[in-house]
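So this one's work16.cif, mmCIF, C-alpha atoms, pLDDT in the B column; chains and numbers go by the auth columns:
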data_work
#
loop_
_atom_site.group_PDB
_atom_site.id
_atom_site.type_symbol
_atom_site.label_atom_id
_atom_site.label_comp_id
_atom_site.label_asym_id
_atom_site.label_seq_id
_atom_site.Cartn_x
_atom_site.Cartn_y
_atom_site.Cartn_z
_atom_site.B_iso_or_equiv
_atom_site.auth_seq_id
_atom_site.auth_asym_id
ATOM 1 C CA MET A 1 -52.507 15.835 -26.514 83.00 269 A
ATOM 2 C CA LEU A 2 -50.612 18.246 -24.288 90.00 270 A
ATOM 3 C CA VAL A 3 -46.848 18.169 -24.012 91.00 271 A
ATOM 4 C CA PHE A 4 -44.416 20.275 -22.035 91.00 272 A
ATOM 5 C CA THR A 5 -40.756 20.945 -21.622 91.00 273 A
ATOM 6 C CA PHE A 6 -38.623 22.998 -19.317 91.00 274 A
ATOM 7 C CA VAL A 7 -36.578 25.699 -20.992 92.00 275 A
ATOM 8 C CA ASP A 8 -33.381 27.395 -19.894 92.00 276 A
ATOM 9 C CA THR A 9 -33.151 31.078 -20.827 93.00 277 A
ATOM 10 C CA ILE A 10 -30.868 33.954 -19.892 91.00 278 A
ATOM 11 C CA LEU A 11 -33.666 34.997 -17.514 88.00 279 A
ATOM 12 C CA GLY A 12 -33.827 31.615 -15.803 88.00 280 A
ATOM 13 C CA LYS A 13 -35.810 28.418 -16.184 91.00 281 A
ATOM 14 C CA GLY A 14 -39.290 28.342 -17.609 91.00 282 A
ATOM 15 C CA THR A 15 -42.033 25.986 -18.730 92.00 283 A
ATOM 16 C CA LEU A 16 -43.532 25.669 -22.225 94.00 284 A
ATOM 17 C CA VAL A 17 -46.733 23.731 -23.003 93.00 285 A
ATOM 18 C CA SER A 18 -48.069 22.874 -26.451 94.00 286 A
ATOM 19 C CA SER A 19 -51.233 21.273 -27.744 92.00 287 A
ATOM 20 C CA ASN A 20 -51.501 19.725 -31.198 92.00 288 A
ATOM 21 C CA GLN A 21 -52.542 23.191 -32.464 94.00 289 A
ATOM 22 C CA GLY A 22 -49.615 25.173 -31.074 96.00 290 A
ATOM 23 C CA LEU A 23 -47.975 26.749 -28.053 97.00 291 A
ATOM 24 C CA CYS A 24 -50.621 27.378 -25.406 96.00 292 A
ATOM 25 C CA TYR A 25 -48.744 28.237 -22.201 95.00 293 A
ATOM 26 C CA PHE A 26 -45.455 29.776 -21.114 95.00 294 A
ATOM 27 C CA SER A 27 -44.184 30.640 -17.692 91.00 295 A
ATOM 28 C CA PHE A 28 -40.806 31.927 -16.570 85.00 296 A
ATOM 29 C CA TYR A 29 -41.095 29.552 -13.641 76.00 297 A
ATOM 30 C CA HIS A 30 -39.918 25.959 -13.469 68.00 298 A
ATOM 31 C CA ASP A 31 -43.017 24.879 -11.538 70.00 299 A
ATOM 32 C CA LEU A 32 -45.885 22.758 -12.835 75.00 300 A
ATOM 33 C CA THR A 33 -48.412 23.762 -10.148 80.00 301 A
ATOM 34 C CA GLY A 34 -49.550 26.923 -11.961 81.00 302 A
ATOM 35 C CA VAL A 35 -49.401 25.138 -15.312 82.00 303 A
ATOM 36 C CA LYS A 36 -51.677 22.345 -14.099 82.00 304 A
ATOM 37 C CA ARG A 37 -54.169 24.821 -12.625 86.00 305 A
ATOM 38 C CA TRP A 38 -54.321 26.768 -15.910 86.00 306 A
ATOM 39 C CA LEU A 39 -54.600 23.598 -17.992 83.00 307 A
ATOM 40 C CA SER A 40 -57.428 22.148 -15.899 85.00 308 A
ATOM 41 C CA ALA A 41 -59.412 25.333 -16.535 87.00 309 A
ATOM 42 C CA HIS A 42 -58.795 25.356 -20.291 87.00 310 A
ATOM 43 C CA PHE A 43 -58.385 21.661 -21.134 84.00 311 A
ATOM 44 C CA PRO A 44 -60.761 19.982 -18.638 79.00 312 A
ATOM 45 C CA LYS A 45 -60.923 16.679 -20.544 77.00 313 A
ATOM 46 C CA ASN A 46 -57.173 16.324 -20.813 70.00 314 A
ATOM 47 C CA ASN A 47 -55.578 13.304 -19.154 66.00 315 A
ATOM 48 C CA GLY A 48 -52.453 15.167 -18.119 72.00 316 A
ATOM 49 C CA LEU A 49 -49.169 16.453 -19.406 77.00 317 A
ATOM 50 C CA THR A 50 -46.459 14.493 -21.138 83.00 318 A
ATOM 51 C CA MET A 51 -42.851 15.601 -21.063 83.00 319 A
ATOM 52 C CA ALA A 52 -41.751 15.917 -24.694 82.00 320 A
ATOM 53 C CA PRO A 53 -38.684 18.124 -25.171 73.00 321 A
ATOM 54 C CA VAL A 54 -38.411 17.111 -28.853 81.00 322 A
ATOM 55 C CA PHE A 55 -42.012 17.977 -29.798 89.00 323 A
ATOM 56 C CA PRO A 56 -41.614 20.248 -32.893 91.00 324 A
ATOM 57 C CA CYS A 57 -43.543 23.256 -31.546 92.00 325 A
ATOM 58 C CA LEU A 58 -41.629 23.150 -28.256 95.00 326 A
ATOM 59 C CA VAL A 59 -38.283 22.873 -30.035 94.00 327 A
ATOM 60 C CA ASP A 60 -39.173 25.898 -32.200 96.00 328 A
ATOM 61 C CA ALA A 61 -40.518 27.877 -29.236 96.00 329 A
ATOM 62 C CA THR A 62 -37.400 27.199 -27.159 96.00 330 A
ATOM 63 C CA ARG A 63 -35.031 28.189 -29.961 97.00 331 A
ATOM 64 C CA GLN A 64 -37.000 31.283 -30.963 98.00 332 A
ATOM 65 C CA LEU A 65 -37.474 32.437 -27.343 97.00 333 A
ATOM 66 C CA ASN A 66 -33.730 32.282 -26.730 97.00 334 A
ATOM 67 C CA GLU A 67 -33.036 34.074 -30.019 98.00 335 A
ATOM 68 C CA TYR A 68 -35.511 36.806 -29.018 98.00 336 A
ATOM 69 C CA LEU A 69 -33.976 37.173 -25.550 97.00 337 A
ATOM 70 C CA ALA A 70 -30.514 37.447 -27.154 97.00 338 A
ATOM 71 C CA GLY A 71 -31.770 40.287 -29.399 97.00 339 A
ATOM 72 C CA GLN A 72 -31.509 38.155 -32.548 97.00 340 A
ATOM 73 C CA ARG A 73 -35.235 37.711 -33.339 97.00 341 A
ATOM 74 C CA HIS A 74 -38.158 40.144 -33.601 98.00 342 A
ATOM 75 C CA ASP A 75 -41.041 37.810 -34.531 96.00 343 A
ATOM 76 C CA PHE A 76 -42.142 34.304 -33.618 97.00 344 A
ATOM 77 C CA THR A 77 -43.062 31.945 -36.441 96.00 345 A
ATOM 78 C CA PHE A 78 -44.776 28.952 -34.854 94.00 346 A
ATOM 79 C CA PRO A 79 -48.509 28.498 -34.166 96.00 347 A
ATOM 80 C CA LEU A 80 -50.206 29.584 -30.961 97.00 348 A
ATOM 81 C CA ASP A 81 -53.227 27.865 -29.425 97.00 349 A
ATOM 82 C CA LEU A 82 -54.721 30.724 -27.424 97.00 350 A
ATOM 83 C CA LYS A 83 -57.218 29.739 -24.729 95.00 351 A
ATOM 84 C CA GLY A 84 -59.368 32.305 -22.966 96.00 352 A
ATOM 85 C CA THR A 85 -62.628 34.174 -23.320 96.00 353 A
ATOM 86 C CA GLY A 86 -63.599 35.619 -26.681 97.00 354 A
ATOM 87 C CA PHE A 87 -62.706 39.087 -25.392 98.00 355 A
ATOM 88 C CA GLN A 88 -59.286 37.942 -24.144 98.00 356 A
ATOM 89 C CA ILE A 89 -58.436 36.172 -27.384 98.00 357 A
ATOM 90 C CA GLY A 90 -59.488 39.245 -29.385 98.00 358 A
ATOM 91 C CA ALA A 91 -57.271 41.461 -27.229 98.00 359 A
ATOM 92 C CA TRP A 92 -54.302 39.088 -27.551 98.00 360 A
ATOM 93 C CA GLN A 93 -54.728 38.821 -31.314 98.00 361 A
ATOM 94 C CA ALA A 94 -54.837 42.615 -31.612 98.00 362 A
ATOM 95 C CA LEU A 95 -51.702 42.818 -29.483 98.00 363 A
ATOM 96 C CA LEU A 96 -49.901 40.504 -31.906 98.00 364 A
ATOM 97 C CA GLY A 97 -50.171 43.381 -34.394 97.00 365 A
ATOM 98 C CA VAL A 98 -48.021 45.676 -32.226 98.00 366 A
ATOM 99 C CA PRO A 99 -44.550 45.341 -33.741 97.00 367 A
ATOM 100 C CA TYR A 100 -41.243 44.760 -32.010 98.00 368 A
ATOM 101 C CA GLY A 101 -39.942 48.007 -30.538 97.00 369 A
ATOM 102 C CA ALA A 102 -43.371 49.664 -30.404 97.00 370 A
ATOM 103 C CA THR A 103 -45.860 50.056 -27.593 97.00 371 A
ATOM 104 C CA THR A 104 -49.564 50.664 -27.243 97.00 372 A
ATOM 105 C CA THR A 105 -51.794 51.677 -24.367 97.00 373 A
ATOM 106 C CA TYR A 106 -54.668 49.823 -22.758 97.00 374 A
ATOM 107 C CA SER A 107 -57.040 52.428 -24.214 97.00 375 A
ATOM 108 C CA GLU A 108 -55.587 52.162 -27.724 97.00 376 A
ATOM 109 C CA LEU A 109 -55.867 48.391 -27.621 97.00 377 A
ATOM 110 C CA ALA A 110 -59.469 48.654 -26.435 98.00 378 A
ATOM 111 C CA MET A 111 -60.246 50.950 -29.371 97.00 379 A
ATOM 112 C CA ALA A 112 -58.476 48.584 -31.765 96.00 380 A
ATOM 113 C CA ILE A 113 -60.888 45.790 -30.867 97.00 381 A
ATOM 114 C CA GLY A 114 -63.944 48.053 -31.038 97.00 382 A
ATOM 115 C CA ARG A 115 -64.455 48.336 -27.273 97.00 383 A
ATOM 116 C CA PRO A 116 -63.282 51.901 -26.498 96.00 384 A
ATOM 117 C CA ARG A 117 -64.492 51.822 -22.876 97.00 385 A
ATOM 118 C CA ALA A 118 -62.819 48.514 -22.050 97.00 386 A
ATOM 119 C CA ALA A 119 -59.307 49.672 -21.111 96.00 387 A
ATOM 120 C CA ARG A 120 -59.579 48.099 -17.656 96.00 388 A
ATOM 121 C CA ALA A 121 -60.800 44.826 -19.182 97.00 389 A
ATOM 122 C CA ILE A 122 -57.813 44.966 -21.531 97.00 390 A
ATOM 123 C CA GLY A 123 -55.594 45.135 -18.447 96.00 391 A
ATOM 124 C CA ASN A 124 -57.306 42.050 -17.060 96.00 392 A
ATOM 125 C CA ALA A 125 -56.837 40.251 -20.393 97.00 393 A
ATOM 126 C CA MET A 126 -53.124 41.096 -20.353 96.00 394 A
ATOM 127 C CA ARG A 127 -52.878 39.762 -16.799 94.00 395 A
ATOM 128 C CA ALA A 128 -54.487 36.493 -17.997 95.00 396 A
ATOM 129 C CA ASN A 129 -52.160 36.126 -21.012 96.00 397 A
ATOM 130 C CA PRO A 130 -51.042 32.460 -21.015 95.00 398 A
ATOM 131 C CA VAL A 131 -48.074 33.053 -23.346 96.00 399 A
ATOM 132 C CA PRO A 132 -46.303 36.225 -22.222 96.00 400 A
ATOM 133 C CA VAL A 133 -43.443 37.388 -24.448 97.00 401 A
ATOM 134 C CA PHE A 134 -44.906 35.378 -27.367 98.00 402 A
ATOM 135 C CA VAL A 135 -48.072 37.508 -27.078 98.00 403 A
ATOM 136 C CA PRO A 136 -46.160 40.633 -26.029 98.00 404 A
ATOM 137 C CA CYS A 137 -48.223 42.085 -23.187 97.00 405 A
ATOM 138 C CA HIS A 138 -45.050 43.859 -22.012 96.00 406 A
ATOM 139 C CA ARG A 139 -45.705 46.288 -24.921 97.00 407 A
ATOM 140 C CA VAL A 140 -48.925 47.584 -23.312 97.00 408 A
ATOM 141 C CA LEU A 141 -48.489 50.711 -21.179 95.00 409 A
ATOM 142 C CA PRO A 142 -50.801 52.981 -19.192 94.00 410 A
ATOM 143 C CA ALA A 143 -52.008 56.166 -20.920 91.00 411 A
ATOM 144 C CA ASN A 144 -49.278 58.227 -19.200 90.00 412 A
ATOM 145 C CA ASN A 145 -46.633 55.957 -20.845 85.00 413 A
ATOM 146 C CA SER A 146 -45.256 54.895 -17.474 89.00 414 A
ATOM 147 C CA LEU A 147 -44.184 51.302 -16.997 90.00 415 A
ATOM 148 C CA GLY A 148 -47.364 50.071 -15.319 89.00 416 A
ATOM 149 C CA GLY A 149 -47.688 46.520 -14.041 88.00 417 A
ATOM 150 C CA TYR A 150 -46.544 43.181 -15.392 90.00 418 A
ATOM 151 C CA GLY A 151 -47.138 39.621 -14.218 86.00 419 A
ATOM 152 C CA GLY A 152 -43.406 38.891 -14.240 87.00 420 A
ATOM 153 C CA GLY A 153 -42.631 42.096 -12.357 89.00 421 A
ATOM 154 C CA GLN A 154 -41.746 45.607 -13.449 92.00 422 A
ATOM 155 C CA GLU A 155 -38.037 44.873 -13.798 93.00 423 A
ATOM 156 C CA LEU A 156 -38.727 42.099 -16.300 94.00 424 A
ATOM 157 C CA LYS A 157 -41.102 44.370 -18.231 95.00 425 A
ATOM 158 C CA ARG A 158 -38.481 47.127 -18.296 95.00 426 A
ATOM 159 C CA TRP A 159 -35.823 44.640 -19.433 95.00 427 A
ATOM 160 C CA LEU A 160 -38.013 43.290 -22.269 96.00 428 A
ATOM 161 C CA LEU A 161 -38.861 46.812 -23.453 97.00 429 A
ATOM 162 C CA GLN A 162 -35.213 47.878 -23.304 96.00 430 A
ATOM 163 C CA LEU A 163 -34.285 44.758 -25.286 97.00 431 A
ATOM 164 C CA GLU A 164 -36.646 46.056 -27.979 98.00 432 A
ATOM 165 C CA GLY A 165 -35.195 49.578 -27.796 96.00 433 A
ATOM 166 C CA VAL A 166 -38.119 51.154 -25.939 95.00 434 A
ATOM 167 C CA SER A 167 -37.518 53.536 -23.048 86.00 435 A
ATOM 168 C CA VAL A 168 -40.311 54.238 -20.586 77.00 436 A
ATOM 169 C CA LYS A 169 -40.895 56.519 -17.645 70.00 437 A
ATOM 170 C CA CYS A 170 -40.106 55.093 -14.237 60.00 438 A
#
When written as structure tokens, how does the structure in this file appear?
Amino acid sequence: MLVFTFVDTILGKGTLVSSNQGLCYFSFYHDLTGVKRWLSAHFPKNNGLTMAPVFPCLVDATRQLNEYLAGQRHDFTFPLDLKGTGFQIGAWQALLGVPYGATTTYSELAMAIGRPRAARAIGNAMRANPVPVFVPCHRVLPANNSLGGYGGGQELKRWLLQLEGVSVKC
């Protein structure tokens, strides 16, 4: 079963999707087109989405996301249901070990998962992250510690890092 809700944050409206196993998708956009495309790739036998704003995982995710964005929370405590390739899931799980207020580089993350030459593939895995913020791909920087790219845009990445007390080169 897949359920979703729309969430209001200080950064605007977003969409959260959960399976029975945990949060599996988050977008800062209030648009189901991208959600449906992602879900059809990762849940091909699913019969669709059900709106369920009181589903426990979605209630927790909404509350904890807003606490994080208000600077009141450093960790998320609900289950994730990560969907991707084995490499992507390994990269995202390694990234979950990078604490609030810290950063890593694509190369360091590649080394952490035992694939020292896979920095570019790490970048692609971060780009494919279905639960940004919850799996904090904003904490991954290029080797020169500049801001680099971010699916939500550089200004959002800068804002999230500043929220965590991290300053980066322009």
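Here atom CA of Gly290 of chain A stands at a distance of 9.6 Å from atom CA of Pro324 of chain A.
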query = Hey, what comes out of the PyMOL selection byres ((chain A and resi 396-406) around 6) on this file? Could you write it as a PyMOL selection string?
reply = chain A and resi 293-294+364+393-395+407-408+425
With C-alpha atoms kept, could you save the residues just selected as a PDB file, in the coordinates of the input?
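Saved file result-v5.pdb follows:
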ATOM      1  CA  TYR A 293     -48.744  28.237 -22.201  1.00 95.00           C
ATOM      2  CA  PHE A 294     -45.455  29.776 -21.114  1.00 95.00           C
ATOM      3  CA  LEU A 364     -49.901  40.504 -31.906  1.00 98.00           C
ATOM      4  CA  ALA A 393     -56.837  40.251 -20.393  1.00 97.00           C
ATOM      5  CA  MET A 394     -53.124  41.096 -20.353  1.00 96.00           C
ATOM      6  CA  ARG A 395     -52.878  39.762 -16.799  1.00 94.00           C
ATOM      7  CA  ARG A 407     -45.705  46.288 -24.921  1.00 97.00           C
ATOM      8  CA  VAL A 408     -48.925  47.584 -23.312  1.00 97.00           C
ATOM      9  CA  LYS A 425     -41.102  44.370 -18.231  1.00 95.00           C
TER      10      LYS A 425
END
Which residues fall under the PyMOL selection byres ((chain A and resi 280-289) around 10) in this file, as a CSV table (one decimal) with C-alpha atoms, keeping the file's coordinate frame?
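part07.csv was written with the following content:
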chain,number,residue,atom,x,y,z
A,269,MET,CA,-52.5,15.8,-26.5
A,270,LEU,CA,-50.6,18.2,-24.3
A,271,VAL,CA,-46.8,18.2,-24.0
A,272,PHE,CA,-44.4,20.3,-22.0
A,273,THR,CA,-40.8,20.9,-21.6
A,274,PHE,CA,-38.6,23.0,-19.3
A,275,VAL,CA,-36.6,25.7,-21.0
A,276,ASP,CA,-33.4,27.4,-19.9
A,277,THR,CA,-33.2,31.1,-20.8
A,278,ILE,CA,-30.9,34.0,-19.9
A,279,LEU,CA,-33.7,35.0,-17.5
A,290,GLY,CA,-49.6,25.2,-31.1
A,291,LEU,CA,-48.0,26.7,-28.1
A,292,CYS,CA,-50.6,27.4,-25.4
A,293,TYR,CA,-48.7,28.2,-22.2
A,294,PHE,CA,-45.5,29.8,-21.1
A,295,SER,CA,-44.2,30.6,-17.7
A,296,PHE,CA,-40.8,31.9,-16.6
A,297,TYR,CA,-41.1,29.6,-13.6
A,298,HIS,CA,-39.9,26.0,-13.5
A,299,ASP,CA,-43.0,24.9,-11.5
A,300,LEU,CA,-45.9,22.8,-12.8
A,303,VAL,CA,-49.4,25.1,-15.3
A,307,LEU,CA,-54.6,23.6,-18.0
A,311,PHE,CA,-58.4,21.7,-21.1
A,317,LEU,CA,-49.2,16.5,-19.4
A,318,THR,CA,-46.5,14.5,-21.1
A,319,MET,CA,-42.9,15.6,-21.1
A,320,ALA,CA,-41.8,15.9,-24.7
A,321,PRO,CA,-38.7,18.1,-25.2
A,323,PHE,CA,-42.0,18.0,-29.8
A,324,PRO,CA,-41.6,20.2,-32.9
A,325,CYS,CA,-43.5,23.3,-31.5
A,326,LEU,CA,-41.6,23.2,-28.3
A,327,VAL,CA,-38.3,22.9,-30.0
A,329,ALA,CA,-40.5,27.9,-29.2
A,330,THR,CA,-37.4,27.2,-27.2
A,346,PHE,CA,-44.8,29.0,-34.9
A,347,PRO,CA,-48.5,28.5,-34.2
A,348,LEU,CA,-50.2,29.6,-31.0
A,349,ASP,CA,-53.2,27.9,-29.4
A,350,LEU,CA,-54.7,30.7,-27.4
A,398,PRO,CA,-51.0,32.5,-21.0
A,399,VAL,CA,-48.1,33.1,-23.3
request  = Name the residues that the PyMOL selection byres ((chain A and resi 356) around 9) pulls out of this structure, and write them as a ChimeraX atom specification.
outcome  = /A:351-355,357-361,389-390,392-394,396-397
Length of the atom CA of Arg331 of chain A to atom CA of Leu415 of chain A vector [Å] =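 Computing it gives 28.0 Å between the two atoms.
Each of A:Gly421, A:Gly316, A:Glu432, A:Tyr374 was compared to Asp343 of chain A using all atoms listed in the file, and A:Glu432 turns out to be the nearest.
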request  = Determine the nearest neighbour of Leu429 of chain A from the options A:Ala387, A:Ala370, A:Ile381, A:Ala309, counting all atoms listed in the file.
outcome  =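 So, comparing all the options, the nearest one is A:Ala370.
In this model, the gap between atom CA of Thr373 of chain A and atom CA of Ala386 of chain A comes to 11.7 Å.
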inquiry  = Please determine, counting only C-alpha atoms, which residue among A:Gly391, A:Arg341, A:Ser435, A:Gln430 has the shortest atom-to-atom distance to Gly417 of chain A.
reply    =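 The closest residue to Gly417 of chain A is A:Gly391.
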Build an axis-aligned box that encloses every atom of segment 376-386 of chain A listed in the file, pad it by 8 Å on each side, and report its centre and edge lengths in Å to one decimal, as AutoDock Vina command-line options.
--center_x -60.0 --center_y 49.0 --center_z -26.9 --size_x 24.9 --size_y 22.4 --size_z 25.7
query = Within 10 Å of Lys437 of chain A, counting all atoms listed in the file, which residues qualify if same-chain residues fewer than 3 places away don't, as a count of residues only?
reply = 6
